[in-house]
$ cat final_20.cif   # mmCIF, C-alpha atoms and all ligand atoms
data_run
#
loop_
_atom_site.group_PDB
_atom_site.id
_atom_site.type_symbol
_atom_site.label_atom_id
_atom_site.label_comp_id
_atom_site.auth_asym_id
_atom_site.auth_seq_id
_atom_site.Cartn_x
_atom_site.Cartn_y
_atom_site.Cartn_z
ATOM 1 C CA MET A 132 28.284 -101.279 -165.486
ATOM 2 C CA ASN A 133 25.530 -102.544 -167.725
ATOM 3 C CA PHE A 134 22.020 -101.740 -166.410
ATOM 4 C CA SER A 135 21.108 -105.446 -166.834
ATOM 5 C CA GLU A 136 23.576 -106.171 -164.027
ATOM 6 C CA SER A 137 22.338 -103.351 -161.803
ATOM 7 C CA LYS A 138 20.956 -103.911 -158.327
ATOM 8 C CA TYR A 139 17.504 -102.777 -159.539
ATOM 9 C CA VAL A 140 17.222 -105.312 -162.340
ATOM 10 C CA LYS A 141 18.589 -108.017 -160.018
ATOM 11 C CA GLU A 142 15.943 -107.173 -157.423
ATOM 12 C CA MET A 143 13.216 -107.449 -160.068
ATOM 13 C CA CYS A 144 14.626 -110.778 -161.312
ATOM 14 C CA GLU A 145 14.776 -112.221 -157.815
ATOM 15 C CA ILE A 146 11.308 -111.132 -156.751
ATOM 16 C CA THR A 147 9.534 -112.228 -159.952
ATOM 17 C CA ALA A 148 11.211 -115.657 -159.724
ATOM 18 C CA ASN A 149 10.258 -115.896 -156.062
ATOM 19 C CA MET A 150 6.656 -114.892 -156.707
ATOM 20 C CA TYR A 151 6.408 -117.358 -159.584
ATOM 21 C CA ARG A 152 7.603 -120.135 -157.266
ATOM 22 C CA GLN A 153 4.921 -119.174 -154.731
ATOM 23 C CA GLY A 154 2.429 -120.130 -157.447
ATOM 24 C CA TRP A 155 0.991 -116.644 -157.562
ATOM 25 C CA ASP A 156 1.945 -115.644 -161.091
ATOM 26 C CA GLU A 157 0.692 -118.162 -163.597
ATOM 27 C CA ARG A 158 1.358 -117.391 -167.266
ATOM 28 C CA ASN A 159 1.500 -113.571 -167.602
ATOM 29 C CA GLY A 160 -0.183 -112.959 -164.251
ATOM 30 C CA GLY A 161 1.202 -110.212 -162.055
ATOM 31 C CA ASN A 162 3.120 -107.005 -162.645
ATOM 32 C CA ILE A 163 5.532 -104.793 -160.718
ATOM 33 C CA SER A 164 6.658 -101.200 -161.097
ATOM 34 C CA TYR A 165 9.657 -99.757 -159.287
ATOM 35 C CA LEU A 166 10.278 -96.018 -159.133
ATOM 36 C CA LEU A 167 13.963 -95.142 -159.583
ATOM 37 C CA ASP A 168 15.454 -91.793 -158.716
ATOM 38 C CA ARG A 169 17.071 -89.592 -161.359
ATOM 39 C CA ASP A 170 20.523 -90.183 -159.842
ATOM 40 C CA GLN A 171 20.037 -93.940 -159.886
ATOM 41 C CA VAL A 172 19.242 -93.789 -163.615
ATOM 42 C CA ARG A 173 21.976 -91.268 -164.413
ATOM 43 C CA GLU A 174 24.581 -93.786 -163.263
ATOM 44 C CA PHE A 175 23.719 -95.909 -166.307
ATOM 45 C CA PHE A 176 22.227 -93.665 -169.009
ATOM 46 C CA PRO A 177 22.388 -90.107 -170.282
ATOM 47 C CA ILE A 178 19.250 -88.564 -168.795
ATOM 48 C CA GLU A 179 17.756 -87.664 -172.206
ATOM 49 C CA LYS A 180 18.182 -91.175 -173.671
ATOM 50 C CA GLN A 181 15.049 -92.440 -175.421
ATOM 51 C CA ILE A 182 14.779 -95.550 -177.629
ATOM 52 C CA ARG A 183 11.118 -94.976 -178.528
ATOM 53 C CA LYS A 184 7.939 -93.442 -177.206
ATOM 54 C CA ILE A 185 5.004 -95.442 -175.866
ATOM 55 C CA GLU A 186 1.552 -93.882 -175.442
ATOM 56 C CA LEU A 187 0.142 -94.183 -171.941
ATOM 57 C CA GLY A 188 -3.526 -93.964 -173.001
ATOM 58 C CA PHE A 189 -4.311 -91.710 -170.043
ATOM 59 C CA VAL A 190 -2.803 -88.607 -168.516
ATOM 60 C CA ALA A 191 -0.485 -89.405 -165.637
ATOM 61 C CA ASP A 192 -0.672 -87.395 -162.425
ATOM 62 C CA GLU A 193 1.842 -84.545 -162.143
ATOM 63 C CA ILE A 194 3.628 -86.211 -159.264
ATOM 64 C CA VAL A 195 4.794 -89.112 -161.495
ATOM 65 C CA ARG A 196 5.725 -87.010 -164.550
ATOM 66 C CA ASN A 197 9.441 -86.869 -165.382
ATOM 67 C CA LYS A 198 9.890 -89.902 -163.154
ATOM 68 C CA PHE A 199 11.555 -93.222 -164.019
ATOM 69 C CA PHE A 200 9.921 -96.628 -163.613
ATOM 70 C CA LEU A 201 11.379 -100.074 -164.041
ATOM 71 C CA VAL A 202 8.330 -102.141 -164.961
ATOM 72 C CA THR A 203 7.333 -105.629 -166.096
ATOM 73 C CA GLY A 204 6.131 -106.049 -169.692
ATOM 74 C CA THR A 205 2.663 -106.810 -170.994
ATOM 75 C CA GLY A 206 2.139 -110.468 -171.887
ATOM 76 C CA LYS A 207 5.445 -111.396 -170.256
ATOM 77 C CA TYR A 208 5.784 -114.243 -167.790
ATOM 78 C CA PHE A 209 7.310 -113.747 -164.297
ATOM 79 C CA LYS A 210 8.833 -117.207 -164.846
ATOM 80 C CA ASN A 211 11.017 -115.790 -167.629
ATOM 81 C CA VAL A 212 12.196 -112.451 -166.215
ATOM 82 C CA GLU A 213 15.329 -113.859 -164.573
ATOM 83 C CA LYS A 214 16.478 -115.562 -167.807
ATOM 84 C CA ASP A 215 15.949 -112.518 -170.010
ATOM 85 C CA PRO A 216 15.404 -109.270 -168.113
ATOM 86 C CA GLU A 217 16.015 -107.028 -171.125
ATOM 87 C CA ASN A 218 13.054 -108.529 -172.950
ATOM 88 C CA ASN A 219 10.667 -108.877 -170.033
ATOM 89 C CA LEU A 220 11.347 -105.590 -168.220
ATOM 90 C CA GLY A 221 11.585 -101.986 -169.353
ATOM 91 C CA LEU A 222 12.846 -98.741 -167.893
ATOM 92 C CA VAL A 223 10.660 -95.804 -168.892
ATOM 93 C CA LYS A 224 10.477 -92.111 -168.154
ATOM 94 C CA ILE A 225 7.034 -90.498 -167.945
ATOM 95 C CA SER A 226 6.841 -87.436 -170.193
ATOM 96 C CA LYS A 227 6.440 -83.849 -168.991
ATOM 97 C CA ASP A 228 2.828 -83.758 -170.209
ATOM 98 C CA GLY A 229 2.011 -87.150 -168.633
ATOM 99 C CA LYS A 230 0.739 -88.600 -171.929
ATOM 100 C CA GLU A 231 3.537 -90.964 -172.887
ATOM 101 C CA ALA A 232 6.528 -92.886 -171.650
ATOM 102 C CA GLY A 233 9.989 -92.783 -173.189
ATOM 103 C CA LEU A 234 11.696 -96.165 -173.273
ATOM 104 C CA ILE A 235 15.265 -96.015 -171.977
ATOM 105 C CA TRP A 236 16.124 -99.695 -171.669
ATOM 106 C CA GLY A 237 14.433 -103.086 -172.157
ATOM 107 C CA PHE A 238 11.274 -104.329 -173.933
ATOM 108 C CA LYS A 239 13.816 -105.435 -176.509
ATOM 109 C CA ASP A 240 11.401 -107.352 -178.716
ATOM 110 C CA GLY A 241 9.266 -104.248 -179.264
ATOM 111 C CA GLY A 242 7.090 -104.866 -176.217
ATOM 112 C CA LYS A 243 5.611 -102.413 -173.761
ATOM 113 C CA PHE A 244 4.726 -102.061 -170.105
ATOM 114 C CA THR A 245 2.038 -104.083 -168.332
ATOM 115 C CA SER A 246 -1.610 -103.536 -169.237
ATOM 116 C CA GLU A 247 -2.065 -102.564 -165.590
ATOM 117 C CA PHE A 248 0.271 -99.565 -165.917
ATOM 118 C CA PRO A 249 -2.651 -97.139 -165.344
ATOM 119 C CA ALA A 250 -3.364 -98.780 -161.970
ATOM 120 C CA HIS A 251 0.349 -98.743 -161.186
ATOM 121 C CA LEU A 252 1.003 -95.092 -162.032
ATOM 122 C CA MET A 253 -2.198 -93.928 -160.346
ATOM 123 C CA SER A 254 -1.331 -95.985 -157.253
ATOM 124 C CA HIS A 255 2.220 -94.586 -157.229
ATOM 125 C CA ALA A 256 0.743 -91.084 -157.351
ATOM 126 C CA ALA A 257 -1.674 -91.824 -154.497
ATOM 127 C CA ARG A 258 1.004 -93.406 -152.295
ATOM 128 C CA LEU A 259 3.624 -90.716 -153.032
ATOM 129 C CA LYS A 260 1.182 -88.109 -151.739
ATOM 130 C CA VAL A 261 0.877 -90.069 -148.465
ATOM 131 C CA ASN A 262 4.501 -91.218 -148.276
ATOM 132 C CA PRO A 263 7.119 -89.544 -150.524
ATOM 133 C CA LYS A 264 9.383 -92.571 -149.952
ATOM 134 C CA ASN A 265 7.025 -95.039 -151.668
ATOM 135 C CA ARG A 266 8.817 -96.757 -154.571
ATOM 136 C CA VAL A 267 7.085 -100.026 -155.408
ATOM 137 C CA ILE A 268 3.649 -101.109 -156.605
ATOM 138 C CA MET A 269 3.192 -104.873 -156.882
ATOM 139 C CA HIS A 270 0.272 -106.841 -158.294
ATOM 140 C CA THR A 271 -0.121 -110.600 -158.129
ATOM 141 C CA HIS A 272 -2.649 -113.476 -158.003
ATOM 142 C CA PRO A 273 -2.178 -115.295 -154.667
ATOM 143 C CA LEU A 274 -4.407 -118.365 -154.403
ATOM 144 C CA TYR A 275 -5.858 -118.123 -150.898
ATOM 145 C CA THR A 276 -6.319 -114.364 -151.026
ATOM 146 C CA ILE A 277 -8.489 -114.807 -154.127
ATOM 147 C CA CYS A 278 -10.412 -117.662 -152.444
ATOM 148 C CA MET A 279 -11.020 -115.537 -149.368
ATOM 149 C CA GLY A 280 -12.293 -112.626 -151.470
ATOM 150 C CA ALA A 281 -14.720 -115.020 -153.141
ATOM 151 C CA CYS A 282 -16.076 -116.184 -149.752
ATOM 152 C CA LEU A 283 -16.614 -112.778 -148.117
ATOM 153 C CA PRO A 284 -18.876 -109.848 -148.923
ATOM 154 C CA VAL A 285 -17.145 -107.023 -150.819
ATOM 155 C CA ASP A 286 -16.515 -105.062 -147.644
ATOM 156 C CA GLU A 287 -13.115 -103.892 -146.471
ATOM 157 C CA LYS A 288 -14.006 -103.858 -142.788
ATOM 158 C CA GLU A 289 -15.207 -107.457 -142.934
ATOM 159 C CA PHE A 290 -12.206 -108.551 -144.988
ATOM 160 C CA THR A 291 -9.814 -106.774 -142.630
ATOM 161 C CA ARG A 292 -11.549 -108.194 -139.565
ATOM 162 C CA ALA A 293 -11.439 -111.744 -140.946
ATOM 163 C CA LEU A 294 -7.690 -111.348 -141.575
ATOM 164 C CA TRP A 295 -6.905 -109.772 -138.204
ATOM 165 C CA LYS A 296 -8.845 -112.500 -136.401
ATOM 166 C CA SER A 297 -6.971 -115.327 -138.175
ATOM 167 C CA ASN A 298 -3.314 -114.434 -137.578
ATOM 168 C CA THR A 299 -1.778 -112.282 -134.844
ATOM 169 C CA GLU A 300 0.739 -110.862 -137.334
ATOM 170 C CA ALA A 301 -1.999 -109.385 -139.506
ATOM 171 C CA VAL A 302 -2.959 -106.315 -137.445
ATOM 172 C CA VAL A 303 0.716 -105.617 -136.747
ATOM 173 C CA VAL A 304 1.732 -105.731 -140.416
ATOM 174 C CA PHE A 305 -1.259 -103.846 -141.842
ATOM 175 C CA PRO A 306 -3.006 -101.893 -139.082
ATOM 176 C CA GLU A 307 -4.548 -99.602 -141.717
ATOM 177 C CA GLY A 308 -6.459 -102.625 -143.041
ATOM 178 C CA ILE A 309 -6.948 -103.773 -146.619
ATOM 179 C CA GLY A 310 -8.898 -101.914 -149.287
ATOM 180 C CA VAL A 311 -11.361 -104.029 -151.274
ATOM 181 C CA LEU A 312 -12.655 -103.523 -154.810
ATOM 182 C CA PRO A 313 -15.496 -105.519 -156.359
ATOM 183 C CA CYS A 314 -14.805 -107.605 -159.453
ATOM 184 C CA MET A 315 -14.113 -105.133 -162.274
ATOM 185 C CA VAL A 316 -12.715 -105.156 -165.800
ATOM 186 C CA CYS A 317 -8.942 -105.079 -165.325
ATOM 187 C CA GLY A 318 -6.385 -103.201 -167.425
ATOM 188 C CA THR A 319 -8.579 -100.081 -167.541
ATOM 189 C CA THR A 320 -8.150 -96.553 -166.232
ATOM 190 C CA GLU A 321 -11.386 -97.075 -164.217
ATOM 191 C CA ILE A 322 -9.900 -99.892 -162.146
ATOM 192 C CA GLY A 323 -6.721 -97.812 -161.897
ATOM 193 C CA GLN A 324 -8.634 -94.868 -160.437
ATOM 194 C CA ALA A 325 -10.579 -97.105 -158.058
ATOM 195 C CA THR A 326 -7.353 -98.771 -156.875
ATOM 196 C CA ALA A 327 -5.600 -95.438 -156.388
ATOM 197 C CA GLU A 328 -8.564 -94.143 -154.380
ATOM 198 C CA LYS A 329 -8.123 -97.085 -151.981
ATOM 199 C CA MET A 330 -4.351 -96.535 -151.926
ATOM 200 C CA LYS A 331 -4.911 -93.166 -150.246
ATOM 201 C CA LYS A 332 -5.662 -95.104 -147.052
ATOM 202 C CA HIS A 333 -4.239 -98.582 -147.604
ATOM 203 C CA ARG A 334 -0.993 -100.129 -148.855
ATOM 204 C CA LEU A 335 -2.997 -103.227 -149.795
ATOM 205 C CA VAL A 336 -5.951 -103.461 -152.155
ATOM 206 C CA SER A 337 -7.793 -106.705 -152.930
ATOM 207 C CA TRP A 338 -9.286 -107.070 -156.388
ATOM 208 C CA THR A 339 -12.175 -109.493 -155.877
ATOM 209 C CA ASN A 340 -11.953 -112.613 -158.093
ATOM 210 C CA HIS A 341 -8.597 -111.448 -159.423
ATOM 211 C CA GLY A 342 -5.734 -110.743 -156.995
ATOM 212 C CA ILE A 343 -4.102 -108.100 -154.878
ATOM 213 C CA TYR A 344 -2.069 -104.889 -155.012
ATOM 214 C CA GLY A 345 0.646 -103.987 -152.515
ATOM 215 C CA ALA A 346 2.671 -100.804 -152.126
ATOM 216 C CA GLY A 347 5.914 -100.134 -150.318
ATOM 217 C CA GLU A 348 9.083 -98.125 -149.903
ATOM 218 C CA ASP A 349 10.944 -101.095 -151.348
ATOM 219 C CA ILE A 350 10.287 -104.511 -152.826
ATOM 220 C CA ASP A 351 10.525 -106.168 -149.409
ATOM 221 C CA GLU A 352 7.776 -104.019 -147.955
ATOM 222 C CA ALA A 353 5.339 -104.564 -150.855
ATOM 223 C CA PHE A 354 6.084 -108.300 -150.958
ATOM 224 C CA GLY A 355 5.995 -108.639 -147.163
ATOM 225 C CA LEU A 356 2.530 -107.128 -147.017
ATOM 226 C CA ILE A 357 1.202 -109.445 -149.716
ATOM 227 C CA GLU A 358 2.814 -112.590 -148.284
ATOM 228 C CA THR A 359 1.351 -111.797 -144.859
ATOM 229 C CA VAL A 360 -2.135 -111.411 -146.347
ATOM 230 C CA GLU A 361 -1.692 -114.617 -148.332
ATOM 231 C CA LYS A 362 -0.454 -116.632 -145.327
ATOM 232 C CA THR A 363 -3.351 -115.282 -143.277
ATOM 233 C CA ALA A 364 -5.864 -116.019 -146.029
ATOM 234 C CA GLN A 365 -4.509 -119.564 -146.143
ATOM 235 C CA ILE A 366 -5.128 -119.937 -142.396
ATOM 236 C CA TYR A 367 -8.623 -118.504 -142.868
ATOM 237 C CA MET A 368 -9.542 -120.773 -145.779
ATOM 238 C CA LEU A 369 -8.095 -123.947 -144.213
ATOM 239 C CA THR A 370 -10.046 -123.383 -140.975
ATOM 240 C CA ILE A 371 -13.231 -121.808 -142.325
ATOM 241 C CA ASP A 372 -15.438 -124.906 -141.907
ATOM 242 C CA HIS A 373 -14.239 -126.031 -138.477
ATOM 243 C CA VAL A 374 -12.686 -123.097 -136.710
ATOM 244 C CA GLU A 375 -12.739 -123.279 -132.892
ATOM 245 C CA ASN A 376 -10.446 -120.397 -131.981
ATOM 246 C CA VAL A 377 -10.269 -117.013 -133.603
ATOM 247 C CA ILE A 378 -8.192 -114.208 -132.166
ATOM 248 C CA PRO A 379 -10.236 -112.380 -129.529
ATOM 249 C CA ASP A 380 -10.851 -108.664 -130.050
ATOM 250 C CA ASN A 381 -8.980 -107.815 -126.829
ATOM 251 C CA VAL A 382 -5.817 -109.504 -128.149
ATOM 252 C CA ILE A 383 -6.028 -107.503 -131.388
ATOM 253 C CA ILE A 384 -6.465 -104.318 -129.352
ATOM 254 C CA GLY A 385 -3.587 -105.394 -127.095
ATOM 255 C CA LEU A 386 -1.297 -105.915 -130.090
ATOM 256 C CA ALA A 387 -2.214 -102.518 -131.474
ATOM 257 C CA LYS A 388 -1.453 -100.903 -128.106
ATOM 258 C CA LEU A 389 1.802 -102.797 -127.684
ATOM 259 C CA TRP A 390 3.057 -101.678 -131.086
ATOM 260 C CA ASN A 391 1.495 -98.242 -130.878
ATOM 261 C CA LEU A 392 -0.525 -98.805 -134.056
ATOM 262 C CA LYS A 393 -3.335 -96.739 -135.453
ATOM 263 C CA MET A 394 -5.933 -99.369 -136.405
ATOM 264 C CA MET A 395 -8.390 -98.956 -139.245
ATOM 265 C CA PRO A 396 -11.493 -97.591 -137.471
ATOM 266 C CA GLY A 397 -14.730 -99.573 -137.248
ATOM 267 C CA VAL A 398 -13.142 -103.031 -137.598
ATOM 268 C CA ILE A 399 -12.793 -103.981 -133.932
ATOM 269 C CA LYS A 400 -15.111 -102.397 -131.435
ATOM 270 C CA GLU A 401 -13.198 -100.985 -128.457
ATOM 271 C CA LYS A 402 -15.005 -101.800 -125.224
HETATM 272 O O1 LIG A 501 -0.552 -108.698 -166.269
HETATM 273 O O2 LIG A 501 -2.133 -109.712 -163.876
HETATM 274 O O3 LIG A 501 -4.104 -108.009 -164.142
HETATM 275 C C1 LIG A 501 -1.498 -109.674 -166.099
HETATM 276 C C2 LIG A 501 -2.374 -109.329 -164.991
HETATM 277 C C3 LIG A 501 -3.524 -108.470 -165.281
HETATM 278 ZN ZN ZN A 502 -3.772 -109.524 -162.505
#
$ encode --input "final_20.cif" --output "structure tokens"
Amino acid sequence: MNFSESKYVKEMCEITANMYRQGWDERNGGNISYLLDRDQVREFFPIEKQIRKIELGFVADEIVRNKFFLVTGTGKYFKNVEKDPENNLGLVKISKDGKEAGLIWGFKDGGKFTSEFPAHLMSHAARLKVNPKNRVIMHTHPLYTICMGACLPVDEKEFTRALWKSNTEAVVVFPEGIGVLPCMVCGTTEIGQATAEKMKKHRLVSWTNHGIYGAGEDIDEAFGLIETVEKTAQIYMLTIDHVENVIPDNVIIGLAKLWNLKMMPGVIKEK
């Protein structure tokens, strides 16, 4: 079978089209990286296959070296992935020394991976150390999440609390809370390091005035986290000026007890 028809490429096509239709990924906004296992790649390619080398511009953590990533391309539009995956996506293998990536498939017009690849690889490394089953890092620009970040102080406890108090699903879906970064220059190793630092404790990281990162064992988990934040942020923003009822602390605590969740400390005060 051709890799273009593989389950992995299909998953990337479906999710980018879906995210585009949510209105989250205008123009070239958003990027996704999907870690594939050696055996999953070996089904389609000789393991040493390399079309060309691409410099990473930083040294990747040991845990992601020799690993394979299916990743969206820089300057490419989510809108177009489904029509032409081989141009808009690439499959790369991180080199043994962590300094470059070998292209195995895709980026057919000479392109390369997303400008946010440092943040992706560093986040993969951070999540893999917490959960060896993590496979996906997803970045996107959801409208209400960005609005909410603009309306709140840059404070992850306050952001988490505002989310948990707006939607009963929120504490259940992300009991560890959301990490928050201030507005920073994107596409740099600095924002990558800052994101990865937050990823040690959170599967979600808000980039103030920009968007959000989600991590998961599969595309559904990463997407599900982000769509829950976005739905909740929509509730928050649509009620902000006239809210009568927010979720009481005892209900949030009750939900956490019911589902046996370990809540981010310091967000809700246990009485
Ligand atoms: O790839 O979303 O953060 C475009 C972006 C940059
Ligand atoms: Zn972005």
$ resolve_selection --input "final_20.cif" --expression "the PyMOL selection byres (((not hetatm)) within 9 of (chain A and resi 502))" --output "PDB file with C-alpha atoms, in the frame of the given file"
ATOM      1  CA  ASP A 156       1.945-115.644-161.091  1.00  0.00           C
ATOM      2  CA  ASN A 159       1.500-113.571-167.602  1.00  0.00           C
ATOM      3  CA  GLY A 160      -0.183-112.959-164.251  1.00  0.00           C
ATOM      4  CA  GLY A 161       1.202-110.212-162.055  1.00  0.00           C
ATOM      5  CA  ASN A 162       3.120-107.005-162.645  1.00  0.00           C
ATOM      6  CA  GLU A 247      -2.065-102.564-165.590  1.00  0.00           C
ATOM      7  CA  HIS A 270       0.272-106.841-158.294  1.00  0.00           C
ATOM      8  CA  THR A 271      -0.121-110.600-158.129  1.00  0.00           C
ATOM      9  CA  HIS A 272      -2.649-113.476-158.003  1.00  0.00           C
ATOM     10  CA  CYS A 317      -8.942-105.079-165.325  1.00  0.00           C
ATOM     11  CA  GLY A 318      -6.385-103.201-167.425  1.00  0.00           C
ATOM     12  CA  TRP A 338      -9.286-107.070-156.388  1.00  0.00           C
ATOM     13  CA  HIS A 341      -8.597-111.448-159.423  1.00  0.00           C
ATOM     14  CA  GLY A 342      -5.734-110.743-156.995  1.00  0.00           C
ATOM     15  CA  ILE A 343      -4.102-108.100-154.878  1.00  0.00           C
ATOM     16  CA  TYR A 344      -2.069-104.889-155.012  1.00  0.00           C
TER      17      TYR A 344
END
$ closest_residue --input "final_20.cif" --among "A:His251, A:Arg152, A:Arg196, A:His333" --to "ligand LIG 501 (chain A)" --atoms "all atoms listed in the file"
A:His251
$ atom_distance --input "final_20.cif" --atom1 "atom CA of A:Asn218" --atom2 "atom CA of A:Gly323"
25.1 Å
$ resolve_selection --input "final_20.cif" --expression "the PyMOL selection byres (((chain A and resi 398) around 9) and not hetatm)" --output "MDAnalysis selection string"
chainID A and resid 287:289 291:292 308 394:397 399:400
$ write_last_selection --input "final_20.cif" --atoms "C-alpha atoms" --output "PDB file, in the coordinates of the input"
ATOM      1  CA  GLU A 287     -13.115-103.892-146.471  1.00  0.00           C
ATOM      2  CA  LYS A 288     -14.006-103.858-142.788  1.00  0.00           C
ATOM      3  CA  GLU A 289     -15.207-107.457-142.934  1.00  0.00           C
ATOM      4  CA  THR A 291      -9.814-106.774-142.630  1.00  0.00           C
ATOM      5  CA  ARG A 292     -11.549-108.194-139.565  1.00  0.00           C
ATOM      6  CA  GLY A 308      -6.459-102.625-143.041  1.00  0.00           C
ATOM      7  CA  MET A 394      -5.933 -99.369-136.405  1.00  0.00           C
ATOM      8  CA  MET A 395      -8.390 -98.956-139.245  1.00  0.00           C
ATOM      9  CA  PRO A 396     -11.493 -97.591-137.471  1.00  0.00           C
ATOM     10  CA  GLY A 397     -14.730 -99.573-137.248  1.00  0.00           C
ATOM     11  CA  ILE A 399     -12.793-103.981-133.932  1.00  0.00           C
ATOM     12  CA  LYS A 400     -15.111-102.397-131.435  1.00  0.00           C
TER      13      LYS A 400
END
$ atom_distance --input "final_20.cif" --atom1 "atom CA of A:Leu252" --atom2 "atom CA of A:Asp192"
7.9 Å
$ build_atoms --input "final_20.cif" --residues "stretch 206-218 of chain A" --atoms "N, CA, C and O atoms" --output "mmCIF file, keeping the file's coordinate frame"
data_model
loop_
_atom_site.group_PDB
_atom_site.id
_atom_site.type_symbol
_atom_site.label_atom_id
_atom_site.label_comp_id
_atom_site.auth_asym_id
_atom_site.auth_seq_id
_atom_site.Cartn_x
_atom_site.Cartn_y
_atom_site.Cartn_z
ATOM 1 N N GLY A 206 2.071 -109.129 -171.279
ATOM 2 C CA GLY A 206 2.139 -110.468 -171.887
ATOM 3 C C GLY A 206 3.352 -111.276 -171.471
ATOM 4 O O GLY A 206 3.515 -112.430 -171.884
ATOM 5 N N LYS A 207 4.222 -110.694 -170.663
ATOM 6 C CA LYS A 207 5.445 -111.396 -170.256
ATOM 7 C C LYS A 207 5.180 -112.252 -169.015
ATOM 8 O O LYS A 207 4.297 -111.930 -168.215
ATOM 9 N N TYR A 208 5.970 -113.305 -168.892
ATOM 10 C CA TYR A 208 5.784 -114.243 -167.790
ATOM 11 C C TYR A 208 6.816 -113.982 -166.681
ATOM 12 O O TYR A 208 8.009 -113.897 -166.976
ATOM 13 N N PHE A 209 6.366 -113.903 -165.431
ATOM 14 C CA PHE A 209 7.310 -113.747 -164.297
ATOM 15 C C PHE A 209 8.375 -114.849 -164.339
ATOM 16 O O PHE A 209 9.532 -114.612 -164.021
ATOM 17 N N LYS A 210 7.948 -116.040 -164.724
ATOM 18 C CA LYS A 210 8.833 -117.207 -164.846
ATOM 19 C C LYS A 210 10.073 -116.902 -165.686
ATOM 20 O O LYS A 210 11.141 -117.476 -165.455
ATOM 21 N N ASN A 211 9.932 -116.014 -166.663
ATOM 22 C CA ASN A 211 11.017 -115.790 -167.629
ATOM 23 C C ASN A 211 11.868 -114.547 -167.386
ATOM 24 O O ASN A 211 12.843 -114.330 -168.102
ATOM 25 N N VAL A 212 11.499 -113.737 -166.405
ATOM 26 C CA VAL A 212 12.196 -112.451 -166.215
ATOM 27 C C VAL A 212 13.679 -112.669 -165.922
ATOM 28 O O VAL A 212 14.557 -112.029 -166.512
ATOM 29 N N GLU A 213 13.950 -113.603 -165.007
ATOM 30 C CA GLU A 213 15.329 -113.859 -164.573
ATOM 31 C C GLU A 213 16.232 -114.272 -165.745
ATOM 32 O O GLU A 213 17.374 -113.840 -165.836
ATOM 33 N N LYS A 214 15.685 -115.068 -166.667
ATOM 34 C CA LYS A 214 16.478 -115.562 -167.807
ATOM 35 C C LYS A 214 16.755 -114.470 -168.816
ATOM 36 O O LYS A 214 17.749 -114.499 -169.527
ATOM 37 N N ASP A 215 15.841 -113.519 -168.949
ATOM 38 C CA ASP A 215 15.949 -112.518 -170.010
ATOM 39 C C ASP A 215 15.337 -111.180 -169.586
ATOM 40 O O ASP A 215 14.300 -110.760 -170.117
ATOM 41 N N PRO A 216 15.999 -110.514 -168.638
ATOM 42 C CA PRO A 216 15.404 -109.270 -168.113
ATOM 43 C C PRO A 216 15.204 -108.199 -169.180
ATOM 44 O O PRO A 216 14.217 -107.458 -169.138
ATOM 45 N N GLU A 217 16.099 -108.135 -170.160
ATOM 46 C CA GLU A 217 16.015 -107.028 -171.125
ATOM 47 C C GLU A 217 14.816 -107.139 -172.058
ATOM 48 O O GLU A 217 14.404 -106.167 -172.696
ATOM 49 N N ASN A 218 14.255 -108.329 -172.142
ATOM 50 C CA ASN A 218 13.054 -108.529 -172.950
ATOM 51 C C ASN A 218 11.782 -108.360 -172.115
ATOM 52 O O ASN A 218 10.773 -107.859 -172.611
#
